[in-house]
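Down below is the structure, laid out as structure tokens.
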Amino acid sequence: MAALDQPLDIAADLAGPAAARRPGGLRASRRRRLNLFRWVVFAIFGLFFLVPLLSMVRFSLEGTTPGSWSFSAWTQIVSYPGPPPLLSAIEITLELAGITSVVMLLLVVPTMIWIKLRAQWFSRIMEFLCLLPLTIPAIVLVVGLAPIYNRIERYNTSALMLFFAYVILALPYAYRALAAGLNAVDATTLSEAARSLGARWITVMFRIIVPNMWQAILNALLLTVALVLGEFTVAYLLTFVNLQVNLFEISRSTTNAGVLFSASAATLLFAFILLLILSYAGRRLRRGRP
Amino acid sequence: MAAATAAEAGAPRVSAARRPPLAWVGTVPFLAYTGVFLLLPTGIVIWNAFKANTGSWTLANISALNTGPVRSAFKGSLELCVISSLIGAIFGAILAYAVASGSPDGMIRRLYLAGSGVLAQFGGVTLAFAFLAAIGPAGFLIHASWYSNFPLGIGLIYCYFQIPLMVLVFLPAIDGLRIQWREAAESLGGSTWHYWRYVGGPLLAPAFSGATLLLFANALSAFATIQAWEDQINYVVPQSIGASFISEVGLANAHQGDALALGMIVMVVIVMTGYVLLQRRAARWQR
């Protein structure tokens, strides 16, 4: 199970030191050939990835007659009347992203620090549980979650209740990011120093360790937000309306609605910016350390 | 008697000294949460897969997996996963090599990794819309007649998140290739072909096949994209689960969805076990 961490290691991939492997010692002719190969590959794949995205953006900017340009689809993001109305779904999704991040951090960060300081023997179990959602697809998890959500809906039928499931979905991403951060902190020495000066465990946790791993917490936060923005399966099958379900419903009732493409492009762009921030934040951290 | 009791009580006290007493209390909230929202749902799926509508134990749900529509869904899943994971693995590996051979702090690497992260893991239904805009019935680029063809059209869309996932998974393996190995091959008179045939290729083979398995599992569990692409016909298993879940129409009993889900768990666990084993072998040469 430990090896499962590889694919989700976006945080570490983006932030962690890539093996500094500059091919400086290559022969000049091979260097030139490699460069040619790289640019050809980047051009082809760049086209493959960008063309659908750019078509989406172009579609979102189309006016009433084909070939004309208009911003109306982008202004519609806030005013699209539905069915179903878009703005409320955006609100719900953003609120969900906030709640999920907070609950996830409150649940995972203290537990991880506690395990690191007081209960090392538990770390394997924690890792297993955190990476397990990778092996159990969301579509399977939702089948088992349905009876539990039936119970929850007796008390509260708001779509915000989705956060219970989203915390689980975000666990692998958040765990990897937080574990990388926590391992970089000499938690034992710090806590011994603080304890010997009379600090309580609560103080050690929130005033000593947490400030030393802000970066990792930020990474976990960004990944969780990106996940919640893109989540469809659980919400759709539990018949809650979040942003993605809303877009899906719009595509079913009105084909080729411009707002479909503007909202999709905005979501992807937002997630891309989150991950790009993550990669730059990671670099600053690395420079800060000797 | 008293001595015996003391001796018995002594044993736990020794281990209690090694493990700080009450340290486990700190793990209770986390265990409770994952217990209720992760382990319990999984348990419910497995439990219900063997339950009849009446509540008695049965194998009928499992044997119902061997009927026409379900078989074709499993076949469709298999087709789509094999095609998209093979294409994704090959092209993803090429792209990962191109990314890895650049500067580790360069702009290109950043852009490609952030982009890969978005497309591979957070795309959801929006990816289907991107292709709808590009090559759909009213597509901007071309009106591809094969857009609605299974597995061709959806296979192409799947590559759109499979290739980025391959880049993310395979990059560490390529980063692990040391320049000295290349130099050693060259100083012994080996050509580029010799290097890849006898050094680089065999070294990367376990990581490559492991990553391919991971892509396979990823395609197997994907639901959002294919549902947005076509929600009337159930081509793959996740769609059948979704359909049996939303309405029980056409299915003999309420726990059919659980049996399908159990089938998927079994498939994913087999594939992921292979991945872990291969990854362990690949890790030998990393770092």
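Residue numbering restarts at 1 in every chain; chains get A, B, ... in the order shown in the structure tokens, and ligands count up from 1 in that same order.
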Practice task
Pull out every residue of chain A that has at least one atom within 6 Å of chain B, counting only C-alpha atoms, and report them as a list in words.
Solution key: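 Close enough to count are Ala3, Pro7, Ala18, Ala19, Arg38, Pro52, Leu53, Ser55, Met56, Thr111, Arg118, Ala119, Pro137, Val140, Gly144, Leu145, Leu227, Gly230, Phe232, Thr233, Ser264, Phe272, Leu275 and Leu276 of chain A.
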Generate a file of the selected residues that holds N, CA and C atoms, formatted as an mmCIF file, in the first residue's frame.
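Dumped everything to out.cif:
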```cif
data_model
loop_
_atom_site.group_PDB
_atom_site.id
_atom_site.type_symbol
_atom_site.label_atom_id
_atom_site.label_comp_id
_atom_site.auth_asym_id
_atom_site.auth_seq_id
_atom_site.Cartn_x
_atom_site.Cartn_y
_atom_site.Cartn_z
ATOM 1 N N ALA A 3 3.352 1.935 -1.641
ATOM 2 C CA ALA A 3 3.763 2.356 -2.976
ATOM 3 C C ALA A 3 2.660 3.127 -3.690
ATOM 4 N N PRO A 7 1.256 8.068 -7.325
ATOM 5 C CA PRO A 7 0.527 8.863 -8.307
ATOM 6 C C PRO A 7 -0.005 10.159 -7.743
ATOM 7 N N ALA A 18 13.395 17.944 -7.583
ATOM 8 C CA ALA A 18 13.564 16.946 -8.623
ATOM 9 C C ALA A 18 15.040 16.629 -8.673
ATOM 10 N N ALA A 19 15.338 15.356 -8.891
ATOM 11 C CA ALA A 19 16.734 14.968 -8.952
ATOM 12 C C ALA A 19 17.436 15.910 -9.931
ATOM 13 N N ARG A 38 12.725 17.358 -27.698
ATOM 14 C CA ARG A 38 11.886 17.962 -26.661
ATOM 15 C C ARG A 38 10.911 18.954 -27.259
ATOM 16 N N PRO A 52 -8.516 21.396 -27.522
ATOM 17 C CA PRO A 52 -9.866 21.288 -26.947
ATOM 18 C C PRO A 52 -10.166 22.404 -25.957
ATOM 19 N N LEU A 53 -9.150 22.778 -25.166
ATOM 20 C CA LEU A 53 -9.384 23.842 -24.179
ATOM 21 C C LEU A 53 -9.653 25.168 -24.877
ATOM 22 N N SER A 55 -10.795 25.526 -27.921
ATOM 23 C CA SER A 55 -12.104 25.470 -28.576
ATOM 24 C C SER A 55 -13.190 25.790 -27.577
ATOM 25 N N MET A 56 -13.001 25.282 -26.350
ATOM 26 C CA MET A 56 -13.989 25.543 -25.310
ATOM 27 C C MET A 56 -14.075 27.049 -25.041
ATOM 28 N N THR A 111 -3.988 14.736 14.289
ATOM 29 C CA THR A 111 -3.738 13.295 14.370
ATOM 30 C C THR A 111 -2.329 12.966 13.902
ATOM 31 N N ARG A 118 3.670 10.907 19.753
ATOM 32 C CA ARG A 118 3.314 10.034 20.862
ATOM 33 C C ARG A 118 2.969 8.610 20.448
ATOM 34 N N ALA A 119 2.622 8.373 19.203
ATOM 35 C CA ALA A 119 2.114 7.051 18.844
ATOM 36 C C ALA A 119 2.650 6.594 17.491
ATOM 37 N N PRO A 137 -12.859 2.989 -5.659
ATOM 38 C CA PRO A 137 -13.320 4.079 -6.522
ATOM 39 C C PRO A 137 -14.506 4.814 -5.906
ATOM 40 N N VAL A 140 -17.844 3.241 -6.180
ATOM 41 C CA VAL A 140 -18.125 2.135 -5.267
ATOM 42 C C VAL A 140 -18.455 2.678 -3.881
ATOM 43 N N GLY A 144 -21.992 2.441 -0.979
ATOM 44 C CA GLY A 144 -22.020 2.150 0.439
ATOM 45 C C GLY A 144 -22.409 3.360 1.280
ATOM 46 N N LEU A 145 -22.145 4.554 0.735
ATOM 47 C CA LEU A 145 -22.454 5.770 1.498
ATOM 48 C C LEU A 145 -23.946 6.071 1.501
ATOM 49 N N LEU A 227 -9.977 19.452 -5.711
ATOM 50 C CA LEU A 227 -10.774 18.224 -5.755
ATOM 51 C C LEU A 227 -12.268 18.516 -5.634
ATOM 52 N N GLY A 230 -13.925 19.898 -8.736
ATOM 53 C CA GLY A 230 -14.111 18.999 -9.865
ATOM 54 C C GLY A 230 -14.964 17.792 -9.550
ATOM 55 N N PHE A 232 -17.858 15.201 -9.134
ATOM 56 C CA PHE A 232 -19.152 14.989 -9.782
ATOM 57 C C PHE A 232 -19.836 13.723 -9.269
ATOM 58 N N THR A 233 -19.090 12.624 -9.233
ATOM 59 C CA THR A 233 -19.681 11.305 -9.015
ATOM 60 C C THR A 233 -20.543 11.236 -7.758
ATOM 61 N N SER A 264 -17.065 25.870 -17.459
ATOM 62 C CA SER A 264 -16.074 24.786 -17.454
ATOM 63 C C SER A 264 -14.668 25.346 -17.569
ATOM 64 N N PHE A 272 -6.066 25.081 -12.302
ATOM 65 C CA PHE A 272 -4.703 25.191 -12.826
ATOM 66 C C PHE A 272 -3.916 26.228 -12.039
ATOM 67 N N LEU A 275 -2.856 24.913 -8.628
ATOM 68 C CA LEU A 275 -1.704 24.007 -8.660
ATOM 69 C C LEU A 275 -0.415 24.737 -9.016
ATOM 70 N N LEU A 276 -0.539 25.793 -9.829
ATOM 71 C CA LEU A 276 0.650 26.572 -10.167
ATOM 72 C C LEU A 276 1.153 27.328 -8.938
#
```
Exercise for the section: Would you kindly return, as a list in words, each protein, DNA or RNA residue with an atom no farther than 12 Å from any atom of His194 (chain B), considering only C-alpha atoms and excluding same-chain residues fewer than 6 positions away? Expected result: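 The contact residues come out as Trp181, Arg182, Ala184, Ala185, Glu186, Leu188, Gly200, Gly201 and Pro202 of chain B.
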Problem - Residue nearest Ser79 (chain A) among A:Val259, A:Tyr280, A:Leu141, A:Ala199 (counting only C-alpha atoms) - result: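 Closest candidate: A:Val259.
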Practice task
Rank nothing, just name the residue among B:Ala52, B:Ala173, B:Ile226, B:Ala219 nearest to Ala205 (chain B), using only C-alpha atoms.
Solution key: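 Between B:Ala52, B:Ala173, B:Ile226, B:Ala219, the residue approaching Ala205 (chain B) most closely is B:Ala173.
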Exercise for the section: Quick one: everything within 7 Å of Ala73 (chain B), counting only C-alpha atoms, minus sequence neighbours fewer than 6 positions away in the same chain. Send it as a ChimeraX atom specification. Expected result: /B:234-237
Practice task
Determine which residues of region 57-178 of chain B receive a DSSP assignment of alpha helix (DSSP H), computed from the backbone, and state them as a PyMOL selection string.
Solution key: chain B and resi 60-63+68-100+107-121+126-135+152-175
Please, could you write that set of residues out with C-alpha atoms as an mmCIF file, in the first residue's frame?
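Okay, this is what ended up in result_35.cif:
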```
data_model
loop_
_atom_site.group_PDB
_atom_site.id
_atom_site.type_symbol
_atom_site.label_atom_id
_atom_site.label_comp_id
_atom_site.auth_asym_id
_atom_site.auth_seq_id
_atom_site.Cartn_x
_atom_site.Cartn_y
_atom_site.Cartn_z
ATOM 1 C CA ALA B 60 -28.111 -14.537 -6.764
ATOM 2 C CA ASN B 61 -26.668 -11.015 -7.039
ATOM 3 C CA ILE B 62 -23.276 -12.415 -7.912
ATOM 4 C CA SER B 63 -24.580 -14.898 -10.459
ATOM 5 C CA GLY B 68 -26.048 -10.008 -21.107
ATOM 6 C CA PRO B 69 -26.050 -6.292 -20.213
ATOM 7 C CA VAL B 70 -23.648 -6.720 -17.318
ATOM 8 C CA ARG B 71 -21.275 -8.840 -19.366
ATOM 9 C CA SER B 72 -21.256 -6.227 -22.119
ATOM 10 C CA ALA B 73 -20.576 -3.490 -19.558
ATOM 11 C CA PHE B 74 -17.594 -5.433 -18.206
ATOM 12 C CA LYS B 75 -16.413 -6.059 -21.773
ATOM 13 C CA GLY B 76 -16.832 -2.358 -22.587
ATOM 14 C CA SER B 77 -14.889 -1.366 -19.468
ATOM 15 C CA LEU B 78 -12.124 -3.780 -20.397
ATOM 16 C CA GLU B 79 -11.900 -2.481 -23.970
ATOM 17 C CA LEU B 80 -11.863 1.154 -22.931
ATOM 18 C CA CYS B 81 -9.346 0.587 -20.125
ATOM 19 C CA VAL B 82 -6.924 -1.440 -22.249
ATOM 20 C CA ILE B 83 -6.992 1.021 -25.143
ATOM 21 C CA SER B 84 -6.778 4.185 -23.063
ATOM 22 C CA SER B 85 -4.167 2.862 -20.631
ATOM 23 C CA LEU B 86 -1.871 1.542 -23.372
ATOM 24 C CA ILE B 87 -2.067 4.712 -25.463
ATOM 25 C CA GLY B 88 -1.860 6.867 -22.332
ATOM 26 C CA ALA B 89 1.165 4.965 -21.017
ATOM 27 C CA ILE B 90 3.148 5.111 -24.259
ATOM 28 C CA PHE B 91 2.529 8.772 -25.048
ATOM 29 C CA GLY B 92 2.685 9.779 -21.392
ATOM 30 C CA ALA B 93 6.111 8.136 -21.081
ATOM 31 C CA ILE B 94 7.405 10.057 -24.112
ATOM 32 C CA LEU B 95 6.082 13.319 -22.698
ATOM 33 C CA ALA B 96 7.450 12.533 -19.240
ATOM 34 C CA TYR B 97 10.904 11.948 -20.752
ATOM 35 C CA ALA B 98 10.747 15.275 -22.574
ATOM 36 C CA VAL B 99 9.689 17.042 -19.372
ATOM 37 C CA ALA B 100 12.327 15.281 -17.262
ATOM 38 C CA MET B 107 8.773 27.045 -16.434
ATOM 39 C CA ILE B 108 7.912 24.209 -18.841
ATOM 40 C CA ARG B 109 8.133 21.603 -16.126
ATOM 41 C CA ARG B 110 5.947 23.685 -13.817
ATOM 42 C CA LEU B 111 3.308 24.342 -16.452
ATOM 43 C CA TYR B 112 3.180 20.729 -17.563
ATOM 44 C CA LEU B 113 3.000 19.383 -14.012
ATOM 45 C CA ALA B 114 0.312 21.806 -12.866
ATOM 46 C CA GLY B 115 -1.629 21.182 -16.078
ATOM 47 C CA SER B 116 -1.224 17.431 -15.671
ATOM 48 C CA GLY B 117 -2.499 17.632 -12.106
ATOM 49 C CA VAL B 118 -5.629 19.471 -13.217
ATOM 50 C CA LEU B 119 -6.405 17.245 -16.190
ATOM 51 C CA ALA B 120 -5.506 13.957 -14.503
ATOM 52 C CA GLN B 121 -7.308 14.399 -11.239
ATOM 53 C CA THR B 126 -15.522 19.534 -17.894
ATOM 54 C CA LEU B 127 -13.135 17.406 -19.984
ATOM 55 C CA ALA B 128 -16.065 15.947 -21.901
ATOM 56 C CA PHE B 129 -17.338 19.461 -22.586
ATOM 57 C CA ALA B 130 -13.931 20.507 -23.926
ATOM 58 C CA PHE B 131 -14.104 17.767 -26.524
ATOM 59 C CA LEU B 132 -17.738 18.521 -27.203
ATOM 60 C CA ALA B 133 -16.612 22.044 -28.102
ATOM 61 C CA ALA B 134 -13.700 20.815 -30.208
ATOM 62 C CA ILE B 135 -14.971 17.810 -32.145
ATOM 63 C CA LEU B 152 -13.023 5.467 -30.206
ATOM 64 C CA GLY B 153 -14.497 8.844 -29.234
ATOM 65 C CA ILE B 154 -14.509 8.335 -25.491
ATOM 66 C CA GLY B 155 -11.093 6.614 -25.710
ATOM 67 C CA LEU B 156 -9.639 9.837 -27.090
ATOM 68 C CA ILE B 157 -11.233 11.832 -24.270
ATOM 69 C CA TYR B 158 -9.843 9.340 -21.735
ATOM 70 C CA CYS B 159 -6.337 9.861 -23.142
ATOM 71 C CA TYR B 160 -6.847 13.478 -22.204
ATOM 72 C CA PHE B 161 -6.543 12.543 -18.534
ATOM 73 C CA GLN B 162 -4.573 9.290 -18.885
ATOM 74 C CA ILE B 163 -1.523 10.901 -20.526
ATOM 75 C CA PRO B 164 -1.220 13.568 -17.780
ATOM 76 C CA LEU B 165 -1.580 10.906 -15.091
ATOM 77 C CA MET B 166 1.207 8.899 -16.737
ATOM 78 C CA VAL B 167 3.408 12.004 -16.687
ATOM 79 C CA LEU B 168 2.804 12.424 -12.940
ATOM 80 C CA VAL B 169 3.421 8.757 -12.139
ATOM 81 C CA PHE B 170 6.296 8.057 -14.478
ATOM 82 C CA LEU B 171 8.332 11.240 -13.963
ATOM 83 C CA PRO B 172 9.959 10.076 -10.690
ATOM 84 C CA ALA B 173 11.166 6.907 -12.427
ATOM 85 C CA ILE B 174 12.770 8.882 -15.252
ATOM 86 C CA ASP B 175 14.245 11.361 -12.781
#
```
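Our summary of the geometry notes that CA of Glu153 (chain A) is positioned 28.5 Å from CA of Gln232 (chain B).
Comparing A:Thr239, A:Thr189, A:Thr267, A:Ser29 by their smallest distance to Leu117 (chain A), the closest is A:Thr189 (using only C-alpha atoms).
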Practice task
Compare A:Trp74, A:Trp114, A:Tyr80, A:Tyr155 by their minimum atom-to-atom distance to Val57 (chain A), counting only C-alpha atoms, and give me the closest one.
Solution key: A:Trp74
Shell around Tyr149 (chain A) at 12 Å using only C-alpha atoms, local window under 6 positions removed, as a PDB file with C-alpha atoms, in the first residue's frame:
```pdb
ATOM      1  CA  LEU A 141     -17.841   4.245  -2.149  1.00  0.00           C
ATOM      2  CA  VAL A 142     -21.038   6.096  -3.013  1.00  0.00           C
ATOM      3  CA  VAL A 143     -23.007   2.838  -3.159  1.00  0.00           C
ATOM      4  CA  TYR A 155     -31.517  15.769  10.102  1.00  0.00           C
ATOM      5  CA  ASN A 156     -30.221  17.933   7.296  1.00  0.00           C
ATOM      6  CA  THR A 157     -30.895  17.747   3.571  1.00  0.00           C
ATOM      7  CA  SER A 158     -28.481  20.492   2.513  1.00  0.00           C
ATOM      8  CA  ALA A 159     -25.920  19.715  -0.194  1.00  0.00           C
ATOM      9  CA  LEU A 160     -23.321  20.958   2.281  1.00  0.00           C
ATOM     10  CA  MET A 161     -23.559  17.544   3.943  1.00  0.00           C
ATOM     11  CA  LEU A 162     -21.453  16.264   1.052  1.00  0.00           C
ATOM     12  CA  PHE A 163     -18.395  17.377   2.993  1.00  0.00           C
ATOM     13  CA  PHE A 164     -18.490  14.122   4.984  1.00  0.00           C
ATOM     14  CA  ALA A 165     -17.709  12.178   1.822  1.00  0.00           C
ATOM     15  CA  VAL A 234     -20.675  11.428  -5.352  1.00  0.00           C
ATOM     16  CA  ALA A 235     -22.867  14.525  -5.645  1.00  0.00           C
ATOM     17  CA  LEU A 237     -25.450   9.811  -7.369  1.00  0.00           C
ATOM     18  CA  LEU A 238     -26.562  11.136  -3.997  1.00  0.00           C
ATOM     19  CA  THR A 239     -28.730  13.635  -5.982  1.00  0.00           C
ATOM     20  CA  PHE A 240     -27.140  16.772  -4.580  1.00  0.00           C
TER      21      PHE A 240
ATOM     22  CA  VAL B  36     -17.915   5.639   9.549  1.00  0.00           C
ATOM     23  CA  PHE B  37     -17.277   7.196   6.133  1.00  0.00           C
ATOM     24  CA  PRO B  41     -19.472   2.034   3.343  1.00  0.00           C
TER      25      PRO B  41
END
```
Practice task
Tell me, in Å to one decimal, how far CA of Thr212 (chain B) is from CA of Thr135 (chain A).
Solution key: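 For CA of Thr212 (chain B) relative to CA of Thr135 (chain A), the distance reads 15.3 Å.
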